[in-house]
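Written out below as structure tokens is the structure these notes cover.
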Amino acid sequence: MEKKKSEITVLGARVHNLKNIDVAIPRESLTVITGLSGSGKSSLAFDTIYAEGQRRYIDTFSSYARGFIGNMARPDVDKISGLSPVIAIEQKTTNKNPRSTVGTTTEIYDFLRLLFARTATAYSTETGEEMVRYTDEQILDLITHDYADRKVYLLAPMVQHRKGHYHELFENITRRGFLHVRVDGVIMEVTPGMKLDRYKNHDIELVVDRLLVKSDSESEVDVKRLRHSVETTMRLGDGMMMIYDADDGELRHYSRRLMCPTSGIAYPEPAPHTFSFNSPLGACPRCKGLGYIGLTDEKANDDEEHEEQTLHVCPDCGGSRLNKQALAFRIAGKNIAELSAMDIDTLTDLIDNIEPQLNERQKQIAPEILKEIRVRLHFLQDVGLGYLSLGRASMTLSGGESQRIRLATQIGSQLVNVLYILDEPSIGLHQRDNIKLINSLKRLRDMGNTVIVVEHDEEMMRAADWVIDMGPGAGRLGGKVVFAGRLDEIKEVNGSLTYDYLTKEKEIEVPKKRRKGNGEKLTIVGAKGNNLKNVTMTLPLGTLTVITGVSGSGKSTLINDTLQPILSQRLYRSLRSPLPYDEIKGADIIDKVISVDQSPLGRTPRSNPATYTGVFTDIRALFINLPESKIRGYKPGRFSFNVKGGRCEVCGGNGYKTIEMNFLPDVMVPCEECQGKRYNRETLEVRFKGKSIADVLDMTINQAVEFFENQPAILSKIKVLQEVGLGYIKLGQPSTTLSGGESQRVKLATELARPSTGKTLYILDEPTTGLHFDDIRVLMDLLGQLVDKGNTVVVIEHNMDVIKCADHIIDMGPEGGAKGGQVVAEGTPEKIAKAKGSYTGKYLKAML
């Protein structure tokens with residue numbers, strides 16, 4: 001019997017910047033791959049190991065199935081052995097499906113729907129009474145009792161408030177031997193050719209005459225004949241029947257189905273899809289289960305600002321997404337939408353202690369379903385997501401949140417012998433919750449799985465069984481394994497910035513002096529959006545202010561959803577409305593606001609740093625003004641690879657062609673016409689300092705800085721890319737090949753390249769995403785320069801190296817979700833470190 005392989009071995013990996021590397025990763029271990037941004041971490045983990053695992057899986061399909069799925073190209077690697085089935089849990093922030101929620105992603109909502117279908121108590125939407133259902137025996141007993149010497153009629157509903165003449169229905173009733181019907185509240189004899197007004201709504205009930213159930217000789221009810229009549233009536237009335245008392249006009253309703261005894265409204269037997277907002281049976285008819293109404297999707301996608309302004313909560317369902325009938329079912333006094341709206345911490349507490357509120361029938365049916373719900377809720381708490389609600393739309397989650405949700409789902413699936421690859425799961429997570437995440441990853445490992453994490457977090461590295469450091473530099477200067485092994489066994493490593501920071505040979509120093517600011521202040525009074533509890537926040541201008549707090553404490557709500565829209569409306573007449581607040585003071589001091597968020601650069605290879613930063617427009621303008629271009633009469637579009645005229649038409653400006661290989665993987669080859677240069681021969685003949693437009697796009701930022709040293713308009717934009725540590729990437733490098741940290745810094749450089757007035761407010765949302773210790777040092781130097789020019793920088797951040805460098809801290813909390821939304825402490829890092837009740841202060845104290 002073959003011995004189980006104890007490690008995953010990668011031999012000769014050359015994907016992207018990887019330099020023909022060999023590396024071994026122990027199985028059933030927690031391995032962290034770290035290194036500078038752009039050093040080759042993702043190239044090794046995702047583009048090599050995960051890509052090969054995916055390819056092998058696809059190869060198990062038949063050639064027929066692969067024809068539909070598409071084939072995967074083999075990554076540029078000599079050999080990978082010891083590979084298990086691979087699952088990648090990436091930072092996907094691209095889920096734009098408005099119907100996807102935290103509850104549907106984790107499958108908790110599916111179990112809630114099952115719980116409600118099997119155990120919930122129904123209430124009438126008309127009267128609020130509890131709905132009841134009867135067995136045939138119960139109905140028979142009740143009717144027998146009601147028939148005693150009273151002028152009553154059995155009625156079976158045939159038509160309920162619908163238009164039509166119903167000639168055929170009356171003929172059918174006559175053929176069955178029935179003599180009377182009750183039409184719109186009046187009992188009448190059925191006559192040949194009987195018709196109704198076809199344009200009026202009618203209620204028609206079949207009347208079972210009392211003569212059918214009375215014995216011929218006695219006034220007593222013939223129970224046998226009565227039973228036969230009841231069964232006939234129930235069958236004709238779809239399980240429903242009524243008793244009409246002609247003496248007092250009272251109508252009593254009985255049904256095998258759920259029915260309101262007073263109004264007679266009946267519900268179909270509830271099923272899981274009764275509570276699904278993705279099913280016509282459960283969805284609110286007005287908003288079709290979206291929870292909001294407004295613009296069409298096509299129009300909204302073209303104008304996101306306009307979308308936020310015009311989409312508003314559906315007035316029929318109040319944003320719950322469900323119809324009235326679905327909301328009429330309750331467990332422990334709560335409907336399914338109310339449970340979905342609770343934060344997970346509150347919901348877990350309710351579900352954990354729900355048994356005393358259940359009746360005997362519910363206690364018999366519910367335990368197994370509740371067990372599944374509890375397990376999944378606790379997993380979400382374990383990865384620090386207790387502040388979210390099940391009803392939260394997936395499209396509103398950050399990359400770190402969506403990744404941790406999928407992590408919790410995978411832990412719940414209880415798979416073994418699987419290779420999991422995660423991309424910076426600690427993003428957006430406070431230090432307090434980081435240990436929960438690490439324990440969750442260890443649990444995944446202890447179940448018999450192999451876990452590989454691409455990560456920069458020091459705590460994660462120290463908790464790992466194995467660490468692989470990529471480098472020594474980034475881009476062309478990276479792509480090598482600097483060290484691999486257990487951290488406690490590594491004695492000395494030359495050329496590893498990671499090791500230098502872990503051993504404190506290098507560190508981001510605490511500033512010797514905190515900036516006091518320029519004396520001016522910006523104050524928001526009474527912010528009440530989402531979970532904010534009437535917050536008043538004072539921002540000292542001319543400082544580096546960091547907004548901290550546990551996940552879900554209200555940081556983004558306060559800054560991104562309240563402060564930034566207020567200033568954008570005042571300065572740029574933005575259509576986006578801020579969340580509720582009372583007033584803002586000092587806004588007139590700010591004359592410019594620049595926001596850098598976590599949204600990705602671009603989705604296609606046509607997007608690159610040159611096009612994103614806008615420097616490509618300046619470069620094309622330079623080429624247009626060359627004498628050769630003027631002689632030929634070239635216009636700006638001549639030097640765009642997206643426009644006909646100057647681009648290579650054989651490949652459409654892509655630079656490569658995709659060759660379909662039918663049942664083999666598609667092959668991407670350089671265009672035979674332009675050899676990957678994207679432009680036609682005539683365009684490439686125009687040169688500046690001996691370089692064509694294609695040669696310029698192929699330059700690294702460092703090369704371009706030297707090349708354009710005498711072109712101020714171009715130099716000012718690319719110089720900032722160099723300053724944020726991106727000198728190694730190429731101007732024309734496709735956005736799809738940039739790492740998360742690289743994309744974030746391209747965005748940051750684009751904003752920083754714009755001239756500041758000294759009264760500019762910069763808002764950065766977790767700018768350390770994807771950044772190594774040394775990258776953070778570069779970033780902090782850059783932000784310090786901005787503040788020194790008189791500007792104000794506000795950073796939402798969990799990274800302690802950034803927090804300790806702040807001039808001013810505003811700490812939100814104390815918890816996430818409903819238990820957060822307050823300013824716990826504010827002041828210098830030294831003051832926060834002494835603040836009682838501040839989780840940030842606890843960790844900051846150790847850093848200072």
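Note on naming: chains are A, B, ... as they come in the structure tokens, residues start from 1 per chain, ligands start from 1 in the order shown.
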Practice problem: Using DSSP on the backbone, list every residue of stretch 645-756 of chain A that comes out as strand (DSSP E), and give them as a VMD selection string. | Solution: chain A and resid 656 to 661 664 to 670
Exercise. Excluding A:Ile763 and residues on its chain fewer than 3 positions from it, collect all residues at most 12 Å away from it, counting only C-alpha atoms, and give them as a PyMOL selection string.
Key: chain A and resi 544-547+555-556+558-561+563-565+567-568+592-598+748+751-752+760+766-767+783+791-797
Written file, previous selection with N, CA and C atoms, as a compact mmCIF listing (two decimals), in the first residue's frame:
```txt
# COMPACT_ATOMS: atom_id res chain seq x y z
N LEU A 544 -3.03 63.59 11.11
CA LEU A 544 -3.30 62.23 10.65
C LEU A 544 -4.19 61.60 11.70
N THR A 545 -5.47 61.46 11.37
CA THR A 545 -6.44 60.89 12.32
C THR A 545 -6.81 59.49 11.88
N VAL A 546 -6.75 58.55 12.80
CA VAL A 546 -7.10 57.16 12.50
C VAL A 546 -8.40 56.81 13.22
N ILE A 547 -9.35 56.26 12.46
CA ILE A 547 -10.63 55.80 13.03
C ILE A 547 -10.48 54.30 13.29
N LYS A 555 -17.37 52.51 12.05
CA LYS A 555 -16.31 53.35 11.47
C LYS A 555 -16.68 53.80 10.05
N SER A 556 -17.00 52.84 9.19
CA SER A 556 -17.33 53.17 7.79
C SER A 556 -18.63 53.98 7.70
N LEU A 558 -19.73 56.13 9.86
CA LEU A 558 -19.44 57.51 10.27
C LEU A 558 -18.66 58.28 9.21
N ILE A 559 -17.64 57.65 8.63
CA ILE A 559 -16.76 58.36 7.70
C ILE A 559 -17.22 58.24 6.25
N ASN A 560 -17.38 57.00 5.75
CA ASN A 560 -17.71 56.80 4.33
C ASN A 560 -19.16 57.11 3.99
N ASP A 561 -20.07 56.85 4.93
CA ASP A 561 -21.49 57.00 4.63
C ASP A 561 -22.11 58.28 5.19
N LEU A 563 -19.77 61.44 6.74
CA LEU A 563 -18.87 62.58 6.51
C LEU A 563 -18.56 62.80 5.02
N GLN A 564 -18.12 61.76 4.33
CA GLN A 564 -17.71 61.94 2.93
C GLN A 564 -18.86 62.41 2.03
N PRO A 565 -20.08 61.83 2.12
CA PRO A 565 -21.18 62.34 1.29
C PRO A 565 -21.59 63.79 1.64
N LEU A 567 -19.57 66.25 2.63
CA LEU A 567 -18.60 67.14 1.99
C LEU A 567 -18.70 67.09 0.47
N SER A 568 -18.98 65.91 -0.09
CA SER A 568 -19.11 65.78 -1.54
C SER A 568 -20.31 66.55 -2.06
N LYS A 592 -11.57 70.57 -0.60
CA LYS A 592 -11.40 69.43 -1.48
C LYS A 592 -11.44 68.16 -0.64
N VAL A 593 -12.14 67.13 -1.12
CA VAL A 593 -12.17 65.85 -0.42
C VAL A 593 -11.82 64.74 -1.41
N ILE A 594 -10.88 63.89 -1.03
CA ILE A 594 -10.43 62.79 -1.89
C ILE A 594 -10.57 61.49 -1.13
N SER A 595 -11.30 60.55 -1.72
CA SER A 595 -11.56 59.28 -1.06
C SER A 595 -10.92 58.13 -1.83
N VAL A 596 -10.20 57.28 -1.12
CA VAL A 596 -9.58 56.09 -1.72
C VAL A 596 -10.18 54.86 -1.05
N ASP A 597 -11.03 54.12 -1.80
CA ASP A 597 -11.67 52.95 -1.20
C ASP A 597 -11.04 51.67 -1.71
N GLN A 598 -11.71 50.53 -1.42
CA GLN A 598 -11.12 49.23 -1.74
C GLN A 598 -11.62 48.63 -3.05
N LEU A 748 -4.25 54.91 -4.79
CA LEU A 748 -3.74 55.92 -3.86
C LEU A 748 -2.84 56.92 -4.59
N GLU A 751 -4.76 59.48 -6.66
CA GLU A 751 -5.33 60.57 -5.87
C GLU A 751 -4.24 61.52 -5.37
N LEU A 752 -3.10 60.95 -4.97
CA LEU A 752 -2.03 61.77 -4.43
C LEU A 752 -1.38 62.64 -5.51
N THR A 760 -7.08 70.12 1.84
CA THR A 760 -7.69 68.89 1.31
C THR A 760 -7.88 67.88 2.43
N GLU A 766 -8.79 51.44 4.95
CA GLU A 766 -7.86 50.33 5.09
C GLU A 766 -6.81 50.27 3.98
N PRO A 767 -5.96 51.30 3.88
CA PRO A 767 -4.95 51.33 2.82
C PRO A 767 -3.85 50.29 2.98
N LEU A 783 1.92 59.57 3.71
CA LEU A 783 0.80 60.24 4.37
C LEU A 783 1.31 61.37 5.26
N ASN A 791 -2.61 69.48 4.95
CA ASN A 791 -3.82 68.71 4.67
C ASN A 791 -4.22 67.85 5.87
N THR A 792 -5.43 67.30 5.79
CA THR A 792 -5.93 66.40 6.84
C THR A 792 -6.11 65.02 6.23
N VAL A 793 -5.59 64.00 6.90
CA VAL A 793 -5.72 62.62 6.43
C VAL A 793 -6.51 61.82 7.46
N VAL A 794 -7.60 61.21 7.01
CA VAL A 794 -8.41 60.34 7.88
C VAL A 794 -8.28 58.91 7.36
N VAL A 795 -7.84 58.01 8.21
CA VAL A 795 -7.63 56.61 7.81
C VAL A 795 -8.48 55.69 8.68
N ILE A 796 -9.30 54.85 8.02
CA ILE A 796 -10.02 53.80 8.74
C ILE A 796 -9.11 52.58 8.73
N GLU A 797 -8.71 52.10 9.89
CA GLU A 797 -7.65 51.07 9.90
C GLU A 797 -7.68 50.22 11.16
```
Quiz prompt | Nearby residues (only C-alpha atoms) at most 8 Å from A:Lys516, same-chain spacing under 6 positions excluded, as a list in words | solution =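 In the requested format, the answer is Gly542, Thr543 and Asp807 of chain A.
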Quiz item: Quick one: residues within 6 Å of stretch 274-280 of chain A, only C-alpha atoms counted, chain neighbours fewer than 5 positions away excluded, as a list in words?
Solution: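 Those residues are Arg113, Gly289, Arg321, Leu322 and Ala326 of chain A.
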Exercise. Tell me which protein, DNA and RNA residues are within 10 Å of stretch 501-504 of chain A, counting only C-alpha atoms, leaving out same-chain ones fewer than 2 positions away, and put them as a list in words.
Key: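 So, after excluding close chain neighbours, the residues are Glu458, Met461, Arg462, Leu487, Glu492, Ser496, Leu497, Thr498, Tyr499, Lys506, Glu507, Ile508, His772, Phe773 and Asp774 of chain A.
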Store the residues picked out above in a file with N, CA, C and O atoms, as an mmCIF file, in the first residue's frame.
```
data_model
loop_
_atom_site.group_PDB
_atom_site.id
_atom_site.type_symbol
_atom_site.label_atom_id
_atom_site.label_comp_id
_atom_site.auth_asym_id
_atom_site.auth_seq_id
_atom_site.Cartn_x
_atom_site.Cartn_y
_atom_site.Cartn_z
ATOM 1 N N GLU A 458 1.355 39.677 11.438
ATOM 2 C CA GLU A 458 2.416 39.090 12.254
ATOM 3 C C GLU A 458 1.889 37.985 13.159
ATOM 4 O O GLU A 458 2.509 36.929 13.324
ATOM 5 N N MET A 461 1.453 34.831 11.240
ATOM 6 C CA MET A 461 2.737 34.175 10.935
ATOM 7 C C MET A 461 3.253 33.404 12.148
ATOM 8 O O MET A 461 3.748 32.280 12.019
ATOM 9 N N ARG A 462 3.164 34.017 13.318
ATOM 10 C CA ARG A 462 3.701 33.373 14.517
ATOM 11 C C ARG A 462 2.867 32.156 14.915
ATOM 12 O O ARG A 462 3.364 31.254 15.601
ATOM 13 N N LEU A 487 9.081 29.221 12.014
ATOM 14 C CA LEU A 487 9.701 30.485 12.448
ATOM 15 C C LEU A 487 10.667 30.289 13.610
ATOM 16 O O LEU A 487 11.737 30.900 13.642
ATOM 17 N N GLU A 492 18.809 32.653 11.193
ATOM 18 C CA GLU A 492 19.268 33.873 10.526
ATOM 19 C C GLU A 492 18.941 33.781 9.044
ATOM 20 O O GLU A 492 19.129 32.733 8.422
ATOM 21 N N SER A 496 15.972 39.132 3.931
ATOM 22 C CA SER A 496 14.531 38.988 4.138
ATOM 23 C C SER A 496 14.011 40.153 4.977
ATOM 24 O O SER A 496 14.289 40.238 6.176
ATOM 25 N N LEU A 497 13.246 41.020 4.355
ATOM 26 C CA LEU A 497 12.640 42.135 5.095
ATOM 27 C C LEU A 497 11.641 41.608 6.116
ATOM 28 O O LEU A 497 11.496 42.173 7.202
ATOM 29 N N THR A 498 10.950 40.523 5.759
ATOM 30 C CA THR A 498 9.983 39.928 6.693
ATOM 31 C C THR A 498 10.683 39.508 7.984
ATOM 32 O O THR A 498 10.231 39.843 9.086
ATOM 33 N N TYR A 499 11.790 38.792 7.850
ATOM 34 C CA TYR A 499 12.521 38.312 9.021
ATOM 35 C C TYR A 499 13.063 39.484 9.835
ATOM 36 O O TYR A 499 13.039 39.470 11.072
ATOM 37 N N LYS A 506 14.261 45.723 12.114
ATOM 38 C CA LYS A 506 13.650 46.884 11.472
ATOM 39 C C LYS A 506 12.249 47.027 12.048
ATOM 40 O O LYS A 506 11.595 46.036 12.379
ATOM 41 N N GLU A 507 11.775 48.245 12.170
ATOM 42 C CA GLU A 507 10.401 48.451 12.603
ATOM 43 C C GLU A 507 9.920 49.837 12.212
ATOM 44 O O GLU A 507 10.721 50.736 11.924
ATOM 45 N N ILE A 508 8.621 49.968 12.162
ATOM 46 C CA ILE A 508 8.015 51.270 11.896
ATOM 47 C C ILE A 508 8.011 52.017 13.222
ATOM 48 O O ILE A 508 7.342 51.607 14.179
ATOM 49 N N HIS A 772 2.960 44.705 2.931
ATOM 50 C CA HIS A 772 3.981 44.147 3.817
ATOM 51 C C HIS A 772 4.393 45.222 4.825
ATOM 52 O O HIS A 772 4.112 46.409 4.652
ATOM 53 N N PHE A 773 5.081 44.806 5.898
ATOM 54 C CA PHE A 773 5.573 45.772 6.896
ATOM 55 C C PHE A 773 6.313 46.930 6.223
ATOM 56 O O PHE A 773 6.098 48.109 6.552
ATOM 57 N N ASP A 774 7.197 46.594 5.274
ATOM 58 C CA ASP A 774 8.026 47.629 4.649
ATOM 59 C C ASP A 774 7.201 48.526 3.735
ATOM 60 O O ASP A 774 7.484 49.720 3.608
#
```
Quiz item: So which residues touch stretch 95-112 of chain A within 6 Å, counting only C-alpha atoms, skipping near sequence neighbours fewer than 6 positions away, as a ChimeraX atom specification?
Solution: /A:373,390-395,409
Give me a file of those residues, with N, CA, C and O atoms, as a PDB file, in the first residue's frame.
```pdb
ATOM      1  N   ILE A 373     -28.551  25.261  12.694  1.00  0.00           N
ATOM      2  CA  ILE A 373     -28.500  26.727  12.696  1.00  0.00           C
ATOM      3  C   ILE A 373     -27.485  27.214  13.719  1.00  0.00           C
ATOM      4  O   ILE A 373     -26.672  28.109  13.436  1.00  0.00           O
ATOM      5  N   LEU A 390     -28.156  38.284   9.020  1.00  0.00           N
ATOM      6  CA  LEU A 390     -28.378  37.331   7.926  1.00  0.00           C
ATOM      7  C   LEU A 390     -28.985  38.016   6.712  1.00  0.00           C
ATOM      8  O   LEU A 390     -28.810  37.562   5.585  1.00  0.00           O
ATOM      9  N   GLY A 391     -29.686  39.115   6.932  1.00  0.00           N
ATOM     10  CA  GLY A 391     -30.331  39.819   5.824  1.00  0.00           C
ATOM     11  C   GLY A 391     -29.418  40.783   5.085  1.00  0.00           C
ATOM     12  O   GLY A 391     -29.828  41.382   4.090  1.00  0.00           O
ATOM     13  N   ARG A 392     -28.170  40.935   5.557  1.00  0.00           N
ATOM     14  CA  ARG A 392     -27.229  41.870   4.916  1.00  0.00           C
ATOM     15  C   ARG A 392     -26.891  41.389   3.506  1.00  0.00           C
ATOM     16  O   ARG A 392     -26.504  40.244   3.299  1.00  0.00           O
ATOM     17  N   ALA A 393     -27.053  42.265   2.522  1.00  0.00           N
ATOM     18  CA  ALA A 393     -26.786  41.910   1.131  1.00  0.00           C
ATOM     19  C   ALA A 393     -25.300  41.637   0.921  1.00  0.00           C
ATOM     20  O   ALA A 393     -24.451  42.392   1.408  1.00  0.00           O
ATOM     21  N   SER A 394     -24.961  40.570   0.201  1.00  0.00           N
ATOM     22  CA  SER A 394     -23.562  40.196  -0.033  1.00  0.00           C
ATOM     23  C   SER A 394     -22.804  41.292  -0.758  1.00  0.00           C
ATOM     24  O   SER A 394     -21.602  41.468  -0.552  1.00  0.00           O
ATOM     25  N   MET A 395     -23.498  42.046  -1.625  1.00  0.00           N
ATOM     26  CA  MET A 395     -22.820  43.063  -2.415  1.00  0.00           C
ATOM     27  C   MET A 395     -22.342  44.244  -1.559  1.00  0.00           C
ATOM     28  O   MET A 395     -21.525  45.038  -2.008  1.00  0.00           O
ATOM     29  N   THR A 409     -18.535  28.992   6.222  1.00  0.00           N
ATOM     30  CA  THR A 409     -19.342  28.013   5.489  1.00  0.00           C
ATOM     31  C   THR A 409     -18.552  26.736   5.248  1.00  0.00           C
ATOM     32  O   THR A 409     -19.080  25.627   5.379  1.00  0.00           O
TER      33      THR A 409
END
```
